[in-house]
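Participant: Hey, dropping run37.tsv in here, TSV, C-alpha atoms:
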chain	number	residue	atom	x	y	z
T	174	MET	CA	11.17	-23.46	-6.47
T	175	GLN	CA	11.47	-20.76	-9.14
T	176	ASN	CA	9.91	-21.35	-12.54
T	177	LYS	CA	12.75	-20.17	-14.81
T	178	GLN	CA	10.63	-20.19	-17.96
T	179	ASN	CA	8.41	-17.30	-16.89
T	180	ASN	CA	10.03	-16.11	-13.63
T	181	LEU	CA	7.08	-17.12	-11.44
T	182	LYS	CA	7.62	-17.63	-7.70
T	183	ALA	CA	6.48	-20.71	-5.90
T	184	LEU	CA	3.50	-20.13	-3.61
T	185	GLU	CA	5.57	-20.97	-0.54
T	186	GLU	CA	8.23	-18.41	-1.53
T	187	HIS	CA	5.61	-15.69	-2.08
T	188	ASN	CA	3.89	-16.45	1.24
T	189	LYS	CA	7.22	-16.33	3.11
T	190	ILE	CA	8.04	-12.90	1.64
T	191	VAL	CA	4.58	-11.51	2.45
T	192	GLU	CA	4.71	-12.89	6.00
T	193	GLU	CA	8.12	-11.27	6.61
T	194	LEU	CA	6.84	-7.91	5.31
T	195	ARG	CA	3.69	-8.21	7.44
T	196	LYS	CA	5.75	-8.76	10.60
T	197	ILE	CA	7.81	-5.64	9.88
T	198	GLN	CA	4.75	-3.55	9.04
T	199	GLN	CA	3.00	-4.53	12.28
T	200	THR	CA	5.63	-2.45	14.07
T	201	GLY	CA	4.67	0.58	11.98
T	202	HIS	CA	7.99	0.68	10.11
T	203	THR	CA	7.63	1.32	6.38
T	204	GLY	CA	11.20	1.63	5.10
T	205	ILE	CA	10.06	4.75	3.20
T	206	ALA	CA	11.90	8.08	3.48
T	207	CYS	CA	9.98	11.17	4.53
T	208	PRO	CA	9.68	13.55	1.55
T	209	ASN	CA	10.26	16.47	3.90
T	210	CYS	CA	13.28	15.46	6.03
T	211	GLY	CA	14.42	12.03	4.81
T	212	ASN	CA	13.80	10.13	8.05
T	213	GLU	CA	11.69	6.98	8.07
T	214	LEU	CA	7.91	7.23	7.74
T	215	PHE	CA	5.72	5.16	10.07
T	216	ASP	CA	2.18	3.88	9.61
T	217	SER	CA	-0.23	6.00	11.65
T	218	SER	CA	-2.64	3.09	12.10
T	219	PRO	CA	-0.99	-0.24	11.20
T	220	GLY	CA	-3.57	-2.60	9.75
T	221	CYS	CA	-6.01	0.19	8.84
T	222	ILE	CA	-6.50	0.48	5.08
T	223	LEU	CA	-8.07	3.53	3.41
T	224	THR	CA	-10.76	2.39	0.99
T	225	SER	CA	-9.48	4.52	-1.86
T	226	ASN	CA	-8.63	3.15	-5.29
T	227	PRO	CA	-5.90	1.96	-5.00
T	228	PRO	CA	-6.06	1.25	-1.25
T	229	GLN	CA	-3.71	3.43	0.82
T	230	TYR	CA	-2.26	3.63	4.34
T	231	ARG	CA	-1.82	6.81	6.42
T	232	VAL	CA	1.82	7.55	7.31
T	233	PHE	CA	3.68	10.15	9.36
T	234	CYS	CA	7.21	11.21	10.20
T	235	ARG	CA	8.19	11.11	13.88
T	236	VAL	CA	10.90	13.74	13.34
T	237	CYS	CA	9.22	16.57	11.39
T	238	ASN	CA	5.54	15.51	11.86
T	239	TRP	CA	4.88	15.31	8.09
T	240	MET	CA	1.69	13.35	7.35
T	241	GLY	CA	0.45	11.72	4.14
T	242	SER	CA	-0.47	8.40	2.64
T	243	ARG	CA	1.24	5.53	0.82
T	244	TYR	CA	0.09	2.73	-1.45
Show me, as structure tokens, the structure contained in the file I just sent.
Facilitator:
Amino acid sequence: MQNKQNNLKALEEHNKIVEELRKIQQTGHTGIACPNCGNELFDSSPGCILTSNPPQYRVFCRVCNWMGSRY
């Protein structure tokens, strides 16, 4: 149920979206293009969060071996 007055999502809707994203991310897929070659970046260590501010995740490209981090 969407609150049209201030565009808030219902808790159930938010949880469903987060759960779907979590399932995808457990495979290592990020849906982010490599800045070097344009292929998809993958999480190096799914579930491992860098304790930076803001928290980040290590990513790499399977095609060109580019490595970096994402928020």
Participant: Point out the residue among T:Gly204, T:Gln198, T:Met240, T:Cys234 with the least atom-to-atom distance to Cys221 in chain T, counting only C-alpha atoms.
Facilitator: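 The shortest atom-to-atom distance to Cys221 in chain T comes from T:Gln198.
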Participant: Please measure the separation of CA of Gln229 in chain T and CA of Gly201 in chain T, giving the value in Å to one decimal.
Facilitator: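 Between CA of Gln229 in chain T and CA of Gly201 in chain T the gap is 14.2 Å.
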Participant: Could you tell me how far CA of Pro219 in chain T lies from CA of Lys182 in chain T, in Å and to one decimal?
Facilitator: 27.1 Å
Participant: CA of Ser218 in chain T and CA of Lys196 in chain T, how far apart in Å?
Facilitator: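 One can read the CA of Lys196 in chain T to CA of Ser218 in chain T distance as 14.6 Å.
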Participant: Quick one: residues within 12 Å of Ser225 in chain T, only C-alpha atoms, excluding same-chain residues fewer than 6 positions away - as a list in words?
Facilitator: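 With the cut-off at 12 Å, the set is Arg231, Ser242, Arg243 and Tyr244 of chain T.
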Participant: Write a file for range 196-235 of chain T of the given structure; include N, CA and C atoms and format it as a PDB file, in the first residue's frame.
Facilitator:
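Dumped everything to decode_24.pdb:
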ATOM      1  N   LYS T 196      18.858 -11.527  -2.828  1.00  0.00           N
ATOM      2  CA  LYS T 196      18.983 -12.807  -3.530  1.00  0.00           C
ATOM      3  C   LYS T 196      19.884 -12.670  -4.754  1.00  0.00           C
ATOM      4  N   ILE T 197      19.727 -11.586  -5.500  1.00  0.00           N
ATOM      5  CA  ILE T 197      20.571 -11.341  -6.672  1.00  0.00           C
ATOM      6  C   ILE T 197      22.017 -11.124  -6.243  1.00  0.00           C
ATOM      7  N   GLN T 198      22.222 -10.313  -5.207  1.00  0.00           N
ATOM      8  CA  GLN T 198      23.573  -9.985  -4.770  1.00  0.00           C
ATOM      9  C   GLN T 198      24.307 -11.179  -4.184  1.00  0.00           C
ATOM     10  N   GLN T 199      23.603 -12.166  -3.661  1.00  0.00           N
ATOM     11  CA  GLN T 199      24.260 -13.358  -3.137  1.00  0.00           C
ATOM     12  C   GLN T 199      24.984 -14.119  -4.241  1.00  0.00           C
ATOM     13  N   THR T 200      24.590 -13.940  -5.476  1.00  0.00           N
ATOM     14  CA  THR T 200      25.262 -14.586  -6.601  1.00  0.00           C
ATOM     15  C   THR T 200      26.507 -13.818  -7.014  1.00  0.00           C
ATOM     16  N   GLY T 201      26.689 -12.617  -6.481  1.00  0.00           N
ATOM     17  CA  GLY T 201      27.834 -11.797  -6.852  1.00  0.00           C
ATOM     18  C   GLY T 201      27.517 -10.789  -7.939  1.00  0.00           C
ATOM     19  N   HIS T 202      26.369 -10.927  -8.600  1.00  0.00           N
ATOM     20  CA  HIS T 202      25.984  -9.980  -9.646  1.00  0.00           C
ATOM     21  C   HIS T 202      25.694  -8.608  -9.028  1.00  0.00           C
ATOM     22  N   THR T 203      26.119  -7.547  -9.703  1.00  0.00           N
ATOM     23  CA  THR T 203      25.854  -6.202  -9.197  1.00  0.00           C
ATOM     24  C   THR T 203      24.970  -5.388 -10.130  1.00  0.00           C
ATOM     25  N   GLY T 204      24.956  -5.718 -11.415  1.00  0.00           N
ATOM     26  CA  GLY T 204      24.211  -4.911 -12.370  1.00  0.00           C
ATOM     27  C   GLY T 204      24.915  -3.598 -12.676  1.00  0.00           C
ATOM     28  N   ILE T 205      26.200  -3.500 -12.328  1.00  0.00           N
ATOM     29  CA  ILE T 205      26.988  -2.284 -12.532  1.00  0.00           C
ATOM     30  C   ILE T 205      27.997  -2.538 -13.646  1.00  0.00           C
ATOM     31  N   ALA T 206      28.136  -1.590 -14.561  1.00  0.00           N
ATOM     32  CA  ALA T 206      29.082  -1.730 -15.671  1.00  0.00           C
ATOM     33  C   ALA T 206      30.501  -1.426 -15.214  1.00  0.00           C
ATOM     34  N   CYS T 207      31.443  -2.189 -15.717  1.00  0.00           N
ATOM     35  CA  CYS T 207      32.857  -1.953 -15.444  1.00  0.00           C
ATOM     36  C   CYS T 207      33.259  -0.625 -16.082  1.00  0.00           C
ATOM     37  N   PRO T 208      33.945   0.254 -15.325  1.00  0.00           N
ATOM     38  CA  PRO T 208      34.364   1.530 -15.898  1.00  0.00           C
ATOM     39  C   PRO T 208      35.452   1.369 -16.959  1.00  0.00           C
ATOM     40  N   ASN T 209      36.069   0.209 -17.019  1.00  0.00           N
ATOM     41  CA  ASN T 209      37.151  -0.023 -17.967  1.00  0.00           C
ATOM     42  C   ASN T 209      36.657  -0.610 -19.286  1.00  0.00           C
ATOM     43  N   CYS T 210      35.803  -1.658 -19.207  1.00  0.00           N
ATOM     44  CA  CYS T 210      35.393  -2.346 -20.439  1.00  0.00           C
ATOM     45  C   CYS T 210      33.887  -2.412 -20.658  1.00  0.00           C
ATOM     46  N   GLY T 211      33.099  -2.056 -19.646  1.00  0.00           N
ATOM     47  CA  GLY T 211      31.645  -2.033 -19.803  1.00  0.00           C
ATOM     48  C   GLY T 211      30.933  -3.326 -19.465  1.00  0.00           C
ATOM     49  N   ASN T 212      31.658  -4.401 -19.182  1.00  0.00           N
ATOM     50  CA  ASN T 212      31.017  -5.646 -18.770  1.00  0.00           C
ATOM     51  C   ASN T 212      30.578  -5.529 -17.314  1.00  0.00           C
ATOM     52  N   GLU T 213      29.803  -6.509 -16.857  1.00  0.00           N
ATOM     53  CA  GLU T 213      29.270  -6.442 -15.500  1.00  0.00           C
ATOM     54  C   GLU T 213      30.350  -6.662 -14.440  1.00  0.00           C
ATOM     55  N   LEU T 214      30.267  -5.850 -13.365  1.00  0.00           N
ATOM     56  CA  LEU T 214      31.128  -6.039 -12.205  1.00  0.00           C
ATOM     57  C   LEU T 214      30.488  -7.056 -11.273  1.00  0.00           C
ATOM     58  N   PHE T 215      31.316  -7.803 -10.563  1.00  0.00           N
ATOM     59  CA  PHE T 215      30.868  -8.799  -9.601  1.00  0.00           C
ATOM     60  C   PHE T 215      31.474  -8.493  -8.239  1.00  0.00           C
ATOM     61  N   ASP T 216      30.738  -8.819  -7.179  1.00  0.00           N
ATOM     62  CA  ASP T 216      31.275  -8.662  -5.833  1.00  0.00           C
ATOM     63  C   ASP T 216      32.394  -9.669  -5.644  1.00  0.00           C
ATOM     64  N   SER T 217      33.533  -9.200  -5.121  1.00  0.00           N
ATOM     65  CA  SER T 217      34.659 -10.090  -4.842  1.00  0.00           C
ATOM     66  C   SER T 217      34.341 -11.022  -3.691  1.00  0.00           C
ATOM     67  N   SER T 218      33.691 -10.483  -2.671  1.00  0.00           N
ATOM     68  CA  SER T 218      33.348 -11.242  -1.463  1.00  0.00           C
ATOM     69  C   SER T 218      31.919 -10.906  -1.065  1.00  0.00           C
ATOM     70  N   PRO T 219      30.917 -11.534  -1.703  1.00  0.00           N
ATOM     71  CA  PRO T 219      29.527 -11.215  -1.363  1.00  0.00           C
ATOM     72  C   PRO T 219      29.282 -11.358   0.142  1.00  0.00           C
ATOM     73  N   GLY T 220      28.638 -10.368   0.716  1.00  0.00           N
ATOM     74  CA  GLY T 220      28.340 -10.388   2.140  1.00  0.00           C
ATOM     75  C   GLY T 220      29.408  -9.735   2.998  1.00  0.00           C
ATOM     76  N   CYS T 221      30.565  -9.444   2.426  1.00  0.00           N
ATOM     77  CA  CYS T 221      31.651  -8.796   3.172  1.00  0.00           C
ATOM     78  C   CYS T 221      31.572  -7.292   2.921  1.00  0.00           C
ATOM     79  N   ILE T 222      31.418  -6.534   3.993  1.00  0.00           N
ATOM     80  CA  ILE T 222      31.273  -5.081   3.894  1.00  0.00           C
ATOM     81  C   ILE T 222      32.521  -4.407   4.429  1.00  0.00           C
ATOM     82  N   LEU T 223      33.092  -3.482   3.653  1.00  0.00           N
ATOM     83  CA  LEU T 223      34.236  -2.694   4.130  1.00  0.00           C
ATOM     84  C   LEU T 223      33.720  -1.677   5.141  1.00  0.00           C
ATOM     85  N   THR T 224      34.405  -1.507   6.228  1.00  0.00           N
ATOM     86  CA  THR T 224      33.938  -0.615   7.295  1.00  0.00           C
ATOM     87  C   THR T 224      34.379   0.821   7.075  1.00  0.00           C
ATOM     88  N   SER T 225      34.258   1.277   5.847  1.00  0.00           N
ATOM     89  CA  SER T 225      34.541   2.672   5.519  1.00  0.00           C
ATOM     90  C   SER T 225      33.281   3.487   5.778  1.00  0.00           C
ATOM     91  N   ASN T 226      33.371   4.777   5.591  1.00  0.00           N
ATOM     92  CA  ASN T 226      32.196   5.638   5.745  1.00  0.00           C
ATOM     93  C   ASN T 226      32.015   6.413   4.457  1.00  0.00           C
ATOM     94  N   PRO T 227      31.037   6.077   3.615  1.00  0.00           N
ATOM     95  CA  PRO T 227      30.002   5.052   3.812  1.00  0.00           C
ATOM     96  C   PRO T 227      30.564   3.654   3.570  1.00  0.00           C
ATOM     97  N   PRO T 228      29.859   2.620   4.068  1.00  0.00           N
ATOM     98  CA  PRO T 228      30.299   1.241   3.854  1.00  0.00           C
ATOM     99  C   PRO T 228      30.399   0.936   2.358  1.00  0.00           C
ATOM    100  N   GLN T 229      31.368   0.114   1.982  1.00  0.00           N
ATOM    101  CA  GLN T 229      31.580  -0.232   0.578  1.00  0.00           C
ATOM    102  C   GLN T 229      31.774  -1.737   0.421  1.00  0.00           C
ATOM    103  N   TYR T 230      31.689  -2.198  -0.833  1.00  0.00           N
ATOM    104  CA  TYR T 230      31.886  -3.594  -1.192  1.00  0.00           C
ATOM    105  C   TYR T 230      32.972  -3.650  -2.265  1.00  0.00           C
ATOM    106  N   ARG T 231      33.867  -4.630  -2.198  1.00  0.00           N
ATOM    107  CA  ARG T 231      34.898  -4.816  -3.216  1.00  0.00           C
ATOM    108  C   ARG T 231      34.259  -5.468  -4.441  1.00  0.00           C
ATOM    109  N   VAL T 232      34.605  -4.976  -5.629  1.00  0.00           N
ATOM    110  CA  VAL T 232      34.080  -5.512  -6.881  1.00  0.00           C
ATOM    111  C   VAL T 232      35.216  -5.748  -7.872  1.00  0.00           C
ATOM    112  N   PHE T 233      34.944  -6.600  -8.860  1.00  0.00           N
ATOM    113  CA  PHE T 233      35.932  -6.849  -9.906  1.00  0.00           C
ATOM    114  C   PHE T 233      35.218  -7.194 -11.208  1.00  0.00           C
ATOM    115  N   CYS T 234      35.949  -7.069 -12.292  1.00  0.00           N
ATOM    116  CA  CYS T 234      35.436  -7.421 -13.615  1.00  0.00           C
ATOM    117  C   CYS T 234      36.066  -8.738 -14.034  1.00  0.00           C
ATOM    118  N   ARG T 235      35.240  -9.695 -14.422  1.00  0.00           N
ATOM    119  CA  ARG T 235      35.730 -11.017 -14.843  1.00  0.00           C
ATOM    120  C   ARG T 235      36.385 -10.979 -16.219  1.00  0.00           C
TER     121      ARG T 235
END
